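One structure is given here, and the rest of the page talks about it.
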Amino acid sequence: MCSRLAPFGTTIFAEMSALALATGSVNLGQGFPEGPGPELLRRVAVQAIEEGDNQYPPGAGVKQLLEAVSAHQAAEYGLGYDPATEVLVTAGATEAIAAAVLGLCEPGDDVLMLEPSYDSYGAVVAMAGANRVPVRLEHQGGRWVLTPGALERAVTDRSRLLLLNTPHNPTGKVLSDRELAEVADVCRRHDLIAVTDEVYEHLVFNGHRHRPLATLEGMRERTVCISSAGKSFSVTGWKVGWACAPSDLLGGVRAAKQFLTYVTPAPMQRAAAAALMATHELVPPLLAELEANRDLLAEGLAGVGLPVRGAEGTYFLTVDISAVTDLDAGTFCRQLPHRCGVVAVPCSVFYQDPEAGRHLVRFAFCKSRASIEQAVERLGRLEGGW
Ligand code: PMP
Ligand code: GLN
């Protein structure tokens with residue numbers, strides 16, 4: 001393995017899902033729902049396959065999906081993107097992020113990102129030969145915050161790009177208007193490209209709302225706005241994503257994407273288009289289910305001495321384990337399945353310096369009600385016996 005990738009090893013999600021399987025544990029580690037996915041998506045994908053839509057689609061994406069993404073951005077956020085030149089379909093958001101970093105950064109550029117950060121960010125920045133520059137979210141008064149001035153302090157004359165994830169994995173934080181305004185201000189003043197990972201755009205709970213950075217003044221022209229079908233429509237295995245940006249910026253993303261996967265499977269693109277057009281039927285029931293699961297899990301964790309930090313959106317919530325154990329998060333998570341049959345993920349993997357996430361553990365609540373109930377019951381057995 002090349003030295004650039006050696007530090008990243010095997011992803012925590014693969015490791016923890018394998019451990020869940022081996023120990024018969026409830027898997028609250030990797031973020032994927034347990035159901036079969038909405039009937040609409042399955043039907044349209046099967047129909048597309050049966051109709052023979054099985055050869056390479058156009059490189060930018062199938063027309064129906066390009067138009068559906070464009071219509072979605074306009075209807076949800078008032079953002080206008082020309083489907084012919086300003087939208088690109090990718091193999092999940094993961095590829096869009098990778099293609100944006102590979103296609104827009106020079107070796108040696110600085111890439112800013114909120115920390116904790118999704119695991120692929122550090123790896124792809126390393127693949128591009130760029131430098132990862134983390135900007136820590138802090139935990140204050142029960143909420144995660146981007147401290148005023150923290151982003152500005154991290155900017156150097158090598159800063160090229162900011163990778164921004166909101167709603168945020170793993171914290172569940174949704175960036176506030178104040179935080180977004182500050183991010184936009186820093187990007188404009190330092191001429192940064194913003195690459196926004198908005199895969200949880202529709203998974204936002206009570207009172208919070210998702211606002212794309214591209215909607216702020218002067219930001220559309222410098223932002224690559226990324227999302228995917230996996231989370232909004234409960235088909236995480238499909239890997240249909242997209243990027244929207246002005247055509248000059250999107251050109252860099254396209255240049256890299258064409259040599260990564262070239263295209264994304266056509267039948268899934270057609271089904272994702274149908275899903276996007278039905279966003280308002282598909283998302284509300286999912287949101288209600290997720291919110292109820294989040295509350296049940298949060299209550300269960302608080303009941304065993306692990307109060308929850310945040311959880312304004314996404315599939316995830318985090319807890320600080322230092323109240324109940326001296327173990328680091330990695331050891332704790334590797335022991336938990338053996339001790340009580342529950343799998344979670346150590347947040348240390350989301351930090352450049354794993355020590356910074358030493359006490360932080362992430363639980364996914366995008367599972368069936370029965371799984372959450374079972375996990376709460378199993379965790380309850382540990383009470384007082386951590
Ligand atoms: N970004 C974040 C923050 C994620 O949690 C995930 C995991 N789904 C992805 C990107 C990857 O999305 P996709 O499966 O569409 O590649
Ligand atoms: N996004 C999912 C999570 O954070 C995992 C995706 C993956 O396995 N790479 O749990």
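The way I read the labels, and the way they are meant: chains A, B, ... in the order of the structure tokens, residue 1 as the first residue of every chain, and ligand 1 as the first ligand shown, with later ones counted on from there.
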Determine, counting only C-alpha atoms, which protein, DNA and RNA residues have an atom within 8 Å of an atom of stretch 195-201 of chain A; residues of the same chain fewer than 5 positions away are not included. Present the result as a PyMOL selection string.
-> chain A and resi 93+97+100+161-168+210+212-213+223-232+313-314
Shell of 8 Å around stretch 267-280 of chain A, only C-alpha atoms, local chain residues under 5 positions omitted, as a ChimeraX atom specification | /A:40-46,48-49,53-54,61-62,64-66,68-69,72,229,233,238,240
Using the chain letters and numbers from this document, which residues of stretch 83-316 of chain A does DSSP assign to alpha helix (DSSP H), as a VMD selection string?
-> chain A and resid 92 to 104 119 to 127 150 to 154 177 to 189 229 to 232 247 to 257 266 to 277 279 to 303
Skip A:Leu5 itself and residues of its chain fewer than 6 positions away, then list as a ChimeraX atom specification all residues within 12 Å of it, counting only C-alpha atoms.
-> /A:11,120,122-129
Please identify every polymer residue within 6 Å of ligand 2, using only C-alpha atoms and all ligand atoms, and present the set as a PyMOL selection string.
-> chain A and resi 13+30-31
For A:Asp119, the closest of A:Leu301, A:Glu50, A:Lys239, A:Val345 counting only C-alpha atoms is A:Val345
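For the pair atom CA of A:Pro83 and atom CA of A:Lys63, the interatomic distance is 7.9 Å.
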With distances taken over only C-alpha atoms, which of A:Tyr56, A:Phe350, A:Phe8, A:Tyr81 is nearest to A:Ala266?
->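 So, comparing all the options, the nearest one is A:Tyr56.
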When you draw a straight line from atom CA of A:Arg132 to atom CA of A:Lys173, how long is it in Å?
-> 21.2 Å
Set the distance at 12 Å and use only C-alpha atoms: which residues neighbour A:Gly172 once local chain neighbours fewer than 5 positions away are removed? I'd like the list as a PDB file with N, CA, C and O atoms, in the first residue's frame.
```pdb
ATOM      1  N   PRO A 116     -14.958  16.819  14.472  1.00  0.00           N
ATOM      2  CA  PRO A 116     -14.738  15.564  13.770  1.00  0.00           C
ATOM      3  C   PRO A 116     -15.227  15.633  12.322  1.00  0.00           C
ATOM      4  O   PRO A 116     -16.187  16.324  12.022  1.00  0.00           O
ATOM      5  N   SER A 117     -14.542  14.835  11.440  1.00  0.00           N
ATOM      6  CA  SER A 117     -14.948  14.828  10.047  1.00  0.00           C
ATOM      7  C   SER A 117     -15.142  13.401   9.530  1.00  0.00           C
ATOM      8  O   SER A 117     -14.468  12.470   9.980  1.00  0.00           O
ATOM      9  N   TYR A 118     -16.067  13.285   8.589  1.00  0.00           N
ATOM     10  CA  TYR A 118     -16.386  11.993   7.971  1.00  0.00           C
ATOM     11  C   TYR A 118     -15.094  11.342   7.461  1.00  0.00           C
ATOM     12  O   TYR A 118     -14.212  12.027   6.940  1.00  0.00           O
ATOM     13  N   LEU A 137     -15.042  21.492  15.971  1.00  0.00           N
ATOM     14  CA  LEU A 137     -16.304  21.879  16.588  1.00  0.00           C
ATOM     15  C   LEU A 137     -16.116  21.677  18.085  1.00  0.00           C
ATOM     16  O   LEU A 137     -15.495  20.696  18.506  1.00  0.00           O
ATOM     17  N   ARG A 143     -24.524  21.666  23.304  1.00  0.00           N
ATOM     18  CA  ARG A 143     -24.578  21.816  21.840  1.00  0.00           C
ATOM     19  C   ARG A 143     -23.165  21.832  21.260  1.00  0.00           C
ATOM     20  O   ARG A 143     -22.217  22.221  21.925  1.00  0.00           O
ATOM     21  N   TRP A 144     -23.078  21.416  20.003  1.00  0.00           N
ATOM     22  CA  TRP A 144     -21.822  21.545  19.269  1.00  0.00           C
ATOM     23  C   TRP A 144     -21.812  22.909  18.600  1.00  0.00           C
ATOM     24  O   TRP A 144     -22.811  23.311  17.991  1.00  0.00           O
ATOM     25  N   VAL A 145     -20.691  23.615  18.709  1.00  0.00           N
ATOM     26  CA  VAL A 145     -20.610  24.938  18.080  1.00  0.00           C
ATOM     27  C   VAL A 145     -19.302  25.105  17.306  1.00  0.00           C
ATOM     28  O   VAL A 145     -18.267  24.547  17.667  1.00  0.00           O
ATOM     29  N   ASN A 165     -19.572  19.959   5.994  1.00  0.00           N
ATOM     30  CA  ASN A 165     -20.640  18.960   6.115  1.00  0.00           C
ATOM     31  C   ASN A 165     -21.691  19.450   7.110  1.00  0.00           C
ATOM     32  O   ASN A 165     -21.435  19.592   8.293  1.00  0.00           O
ATOM     33  N   THR A 166     -22.874  19.740   6.602  1.00  0.00           N
ATOM     34  CA  THR A 166     -24.019  20.039   7.469  1.00  0.00           C
ATOM     35  C   THR A 166     -25.278  19.575   6.770  1.00  0.00           C
ATOM     36  O   THR A 166     -25.374  19.776   5.560  1.00  0.00           O
ATOM     37  N   PRO A 167     -26.224  18.937   7.488  1.00  0.00           N
ATOM     38  CA  PRO A 167     -26.139  18.345   8.821  1.00  0.00           C
ATOM     39  C   PRO A 167     -24.924  17.420   8.932  1.00  0.00           C
ATOM     40  O   PRO A 167     -24.573  16.752   7.972  1.00  0.00           O
ATOM     41  N   TYR A 200     -27.331  14.693   4.363  1.00  0.00           N
ATOM     42  CA  TYR A 200     -28.416  14.601   5.355  1.00  0.00           C
ATOM     43  C   TYR A 200     -29.359  15.796   5.264  1.00  0.00           C
ATOM     44  O   TYR A 200     -30.020  16.145   6.242  1.00  0.00           O
ATOM     45  N   GLU A 201     -29.403  16.448   4.090  1.00  0.00           N
ATOM     46  CA  GLU A 201     -30.164  17.696   3.943  1.00  0.00           C
ATOM     47  C   GLU A 201     -31.613  17.573   4.406  1.00  0.00           C
ATOM     48  O   GLU A 201     -32.173  18.519   4.948  1.00  0.00           O
ATOM     49  N   LEU A 203     -32.745  15.249   6.599  1.00  0.00           N
ATOM     50  CA  LEU A 203     -32.887  14.572   7.892  1.00  0.00           C
ATOM     51  C   LEU A 203     -32.560  15.542   9.024  1.00  0.00           C
ATOM     52  O   LEU A 203     -31.515  15.460   9.674  1.00  0.00           O
ATOM     53  N   VAL A 204     -33.466  16.479   9.220  1.00  0.00           N
ATOM     54  CA  VAL A 204     -33.280  17.549  10.197  1.00  0.00           C
ATOM     55  C   VAL A 204     -34.504  17.559  11.103  1.00  0.00           C
ATOM     56  O   VAL A 204     -35.631  17.515  10.616  1.00  0.00           O
ATOM     57  N   PHE A 205     -34.264  17.611  12.424  1.00  0.00           N
ATOM     58  CA  PHE A 205     -35.371  17.452  13.377  1.00  0.00           C
ATOM     59  C   PHE A 205     -35.834  18.769  13.974  1.00  0.00           C
ATOM     60  O   PHE A 205     -35.211  19.815  13.774  1.00  0.00           O
ATOM     61  N   HIS A 208     -35.020  22.761  13.770  1.00  0.00           N
ATOM     62  CA  HIS A 208     -33.811  23.093  13.016  1.00  0.00           C
ATOM     63  C   HIS A 208     -34.132  23.044  11.530  1.00  0.00           C
ATOM     64  O   HIS A 208     -35.083  22.409  11.121  1.00  0.00           O
ATOM     65  N   HIS A 210     -32.169  22.964   7.451  1.00  0.00           N
ATOM     66  CA  HIS A 210     -30.937  22.926   6.666  1.00  0.00           C
ATOM     67  C   HIS A 210     -30.947  24.060   5.657  1.00  0.00           C
ATOM     68  O   HIS A 210     -31.929  24.247   4.943  1.00  0.00           O
ATOM     69  N   ARG A 294     -34.544   8.358  17.650  1.00  0.00           N
ATOM     70  CA  ARG A 294     -33.528   9.189  18.322  1.00  0.00           C
ATOM     71  C   ARG A 294     -33.930   9.421  19.778  1.00  0.00           C
ATOM     72  O   ARG A 294     -33.108   9.266  20.689  1.00  0.00           O
ATOM     73  N   VAL A 308     -26.667  12.564  25.950  1.00  0.00           N
ATOM     74  CA  VAL A 308     -26.410  12.760  24.526  1.00  0.00           C
ATOM     75  C   VAL A 308     -26.004  14.192  24.224  1.00  0.00           C
ATOM     76  O   VAL A 308     -26.536  15.134  24.789  1.00  0.00           O
ATOM     77  N   ARG A 309     -25.046  14.330  23.310  1.00  0.00           N
ATOM     78  CA  ARG A 309     -24.618  15.648  22.845  1.00  0.00           C
ATOM     79  C   ARG A 309     -25.278  15.937  21.508  1.00  0.00           C
ATOM     80  O   ARG A 309     -25.005  15.260  20.522  1.00  0.00           O
ATOM     81  N   GLY A 310     -26.122  16.928  21.473  1.00  0.00           N
ATOM     82  CA  GLY A 310     -26.685  17.388  20.191  1.00  0.00           C
ATOM     83  C   GLY A 310     -27.708  16.448  19.612  1.00  0.00           C
ATOM     84  O   GLY A 310     -28.578  15.958  20.323  1.00  0.00           O
ATOM     85  N   ALA A 311     -27.647  16.144  18.334  1.00  0.00           N
ATOM     86  CA  ALA A 311     -28.586  15.314  17.553  1.00  0.00           C
ATOM     87  C   ALA A 311     -29.725  16.140  16.987  1.00  0.00           C
ATOM     88  O   ALA A 311     -30.894  15.874  17.205  1.00  0.00           O
ATOM     89  N   GLU A 312     -29.376  17.174  16.259  1.00  0.00           N
ATOM     90  CA  GLU A 312     -30.366  18.047  15.608  1.00  0.00           C
ATOM     91  C   GLU A 312     -30.781  17.500  14.241  1.00  0.00           C
ATOM     92  O   GLU A 312     -31.775  17.924  13.676  1.00  0.00           O
ATOM     93  N   GLY A 313     -29.978  16.596  13.697  1.00  0.00           N
ATOM     94  CA  GLY A 313     -30.274  16.002  12.398  1.00  0.00           C
ATOM     95  C   GLY A 313     -29.411  14.775  12.187  1.00  0.00           C
ATOM     96  O   GLY A 313     -28.702  14.340  13.091  1.00  0.00           O
ATOM     97  N   THR A 314     -29.464  14.202  10.981  1.00  0.00           N
ATOM     98  CA  THR A 314     -28.703  13.008  10.544  1.00  0.00           C
ATOM     99  C   THR A 314     -29.256  11.696  11.107  1.00  0.00           C
ATOM    100  O   THR A 314     -30.383  11.643  11.607  1.00  0.00           O
ATOM    101  N   TYR A 315     -28.436  10.677  11.037  1.00  0.00           N
ATOM    102  CA  TYR A 315     -28.746   9.339  11.552  1.00  0.00           C
ATOM    103  C   TYR A 315     -28.144   9.125  12.945  1.00  0.00           C
ATOM    104  O   TYR A 315     -28.258   8.040  13.484  1.00  0.00           O
ATOM    105  N   PHE A 316     -27.399  10.127  13.468  1.00  0.00           N
ATOM    106  CA  PHE A 316     -26.455   9.831  14.550  1.00  0.00           C
ATOM    107  C   PHE A 316     -26.599  10.711  15.781  1.00  0.00           C
ATOM    108  O   PHE A 316     -27.021  11.861  15.688  1.00  0.00           O
ATOM    109  N   LEU A 317     -26.187  10.150  16.913  1.00  0.00           N
ATOM    110  CA  LEU A 317     -25.977  10.959  18.106  1.00  0.00           C
ATOM    111  C   LEU A 317     -24.674  10.517  18.750  1.00  0.00           C
ATOM    112  O   LEU A 317     -24.188   9.404  18.516  1.00  0.00           O
ATOM    113  N   THR A 318     -24.103  11.428  19.534  1.00  0.00           N
ATOM    114  CA  THR A 318     -22.832  11.106  20.191  1.00  0.00           C
ATOM    115  C   THR A 318     -22.976  11.217  21.711  1.00  0.00           C
ATOM    116  O   THR A 318     -23.793  12.010  22.203  1.00  0.00           O
ATOM    117  N   VAL A 319     -22.189  10.421  22.416  1.00  0.00           N
ATOM    118  CA  VAL A 319     -22.158  10.496  23.881  1.00  0.00           C
ATOM    119  C   VAL A 319     -20.709  10.583  24.350  1.00  0.00           C
ATOM    120  O   VAL A 319     -19.801  10.096  23.667  1.00  0.00           O
ATOM    121  N   ARG A 362     -20.219   7.286  18.844  1.00  0.00           N
ATOM    122  CA  ARG A 362     -21.380   7.572  17.997  1.00  0.00           C
ATOM    123  C   ARG A 362     -22.309   6.363  17.920  1.00  0.00           C
ATOM    124  O   ARG A 362     -21.851   5.239  17.696  1.00  0.00           O
ATOM    125  N   PHE A 363     -23.599   6.617  18.088  1.00  0.00           N
ATOM    126  CA  PHE A 363     -24.625   5.581  17.898  1.00  0.00           C
ATOM    127  C   PHE A 363     -25.514   5.985  16.720  1.00  0.00           C
ATOM    128  O   PHE A 363     -25.916   7.154  16.623  1.00  0.00           O
ATOM    129  N   ALA A 364     -25.847   5.026  15.845  1.00  0.00           N
ATOM    130  CA  ALA A 364     -26.759   5.296  14.725  1.00  0.00           C
ATOM    131  C   ALA A 364     -28.171   4.876  15.140  1.00  0.00           C
ATOM    132  O   ALA A 364     -28.364   3.784  15.678  1.00  0.00           O
ATOM    133  N   PHE A 365     -29.161   5.747  14.863  1.00  0.00           N
ATOM    134  CA  PHE A 365     -30.542   5.395  15.220  1.00  0.00           C
ATOM    135  C   PHE A 365     -31.433   5.198  13.989  1.00  0.00           C
ATOM    136  O   PHE A 365     -32.659   5.189  14.092  1.00  0.00           O
TER     137      PHE A 365
END
```
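Each of A:Gly108, A:Pro246, A:Pro7, A:Pro346 was compared to A:Arg158 using only C-alpha atoms, and A:Gly108 turns out to be the nearest.
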Skipping near chain neighbours, those fewer than 6 positions away, what residues fall within 12 Å of A:Arg334 using only C-alpha atoms, listed as a ChimeraX atom specification?
-> /A:12,15-20,23,25,29,327-328,340-346,361
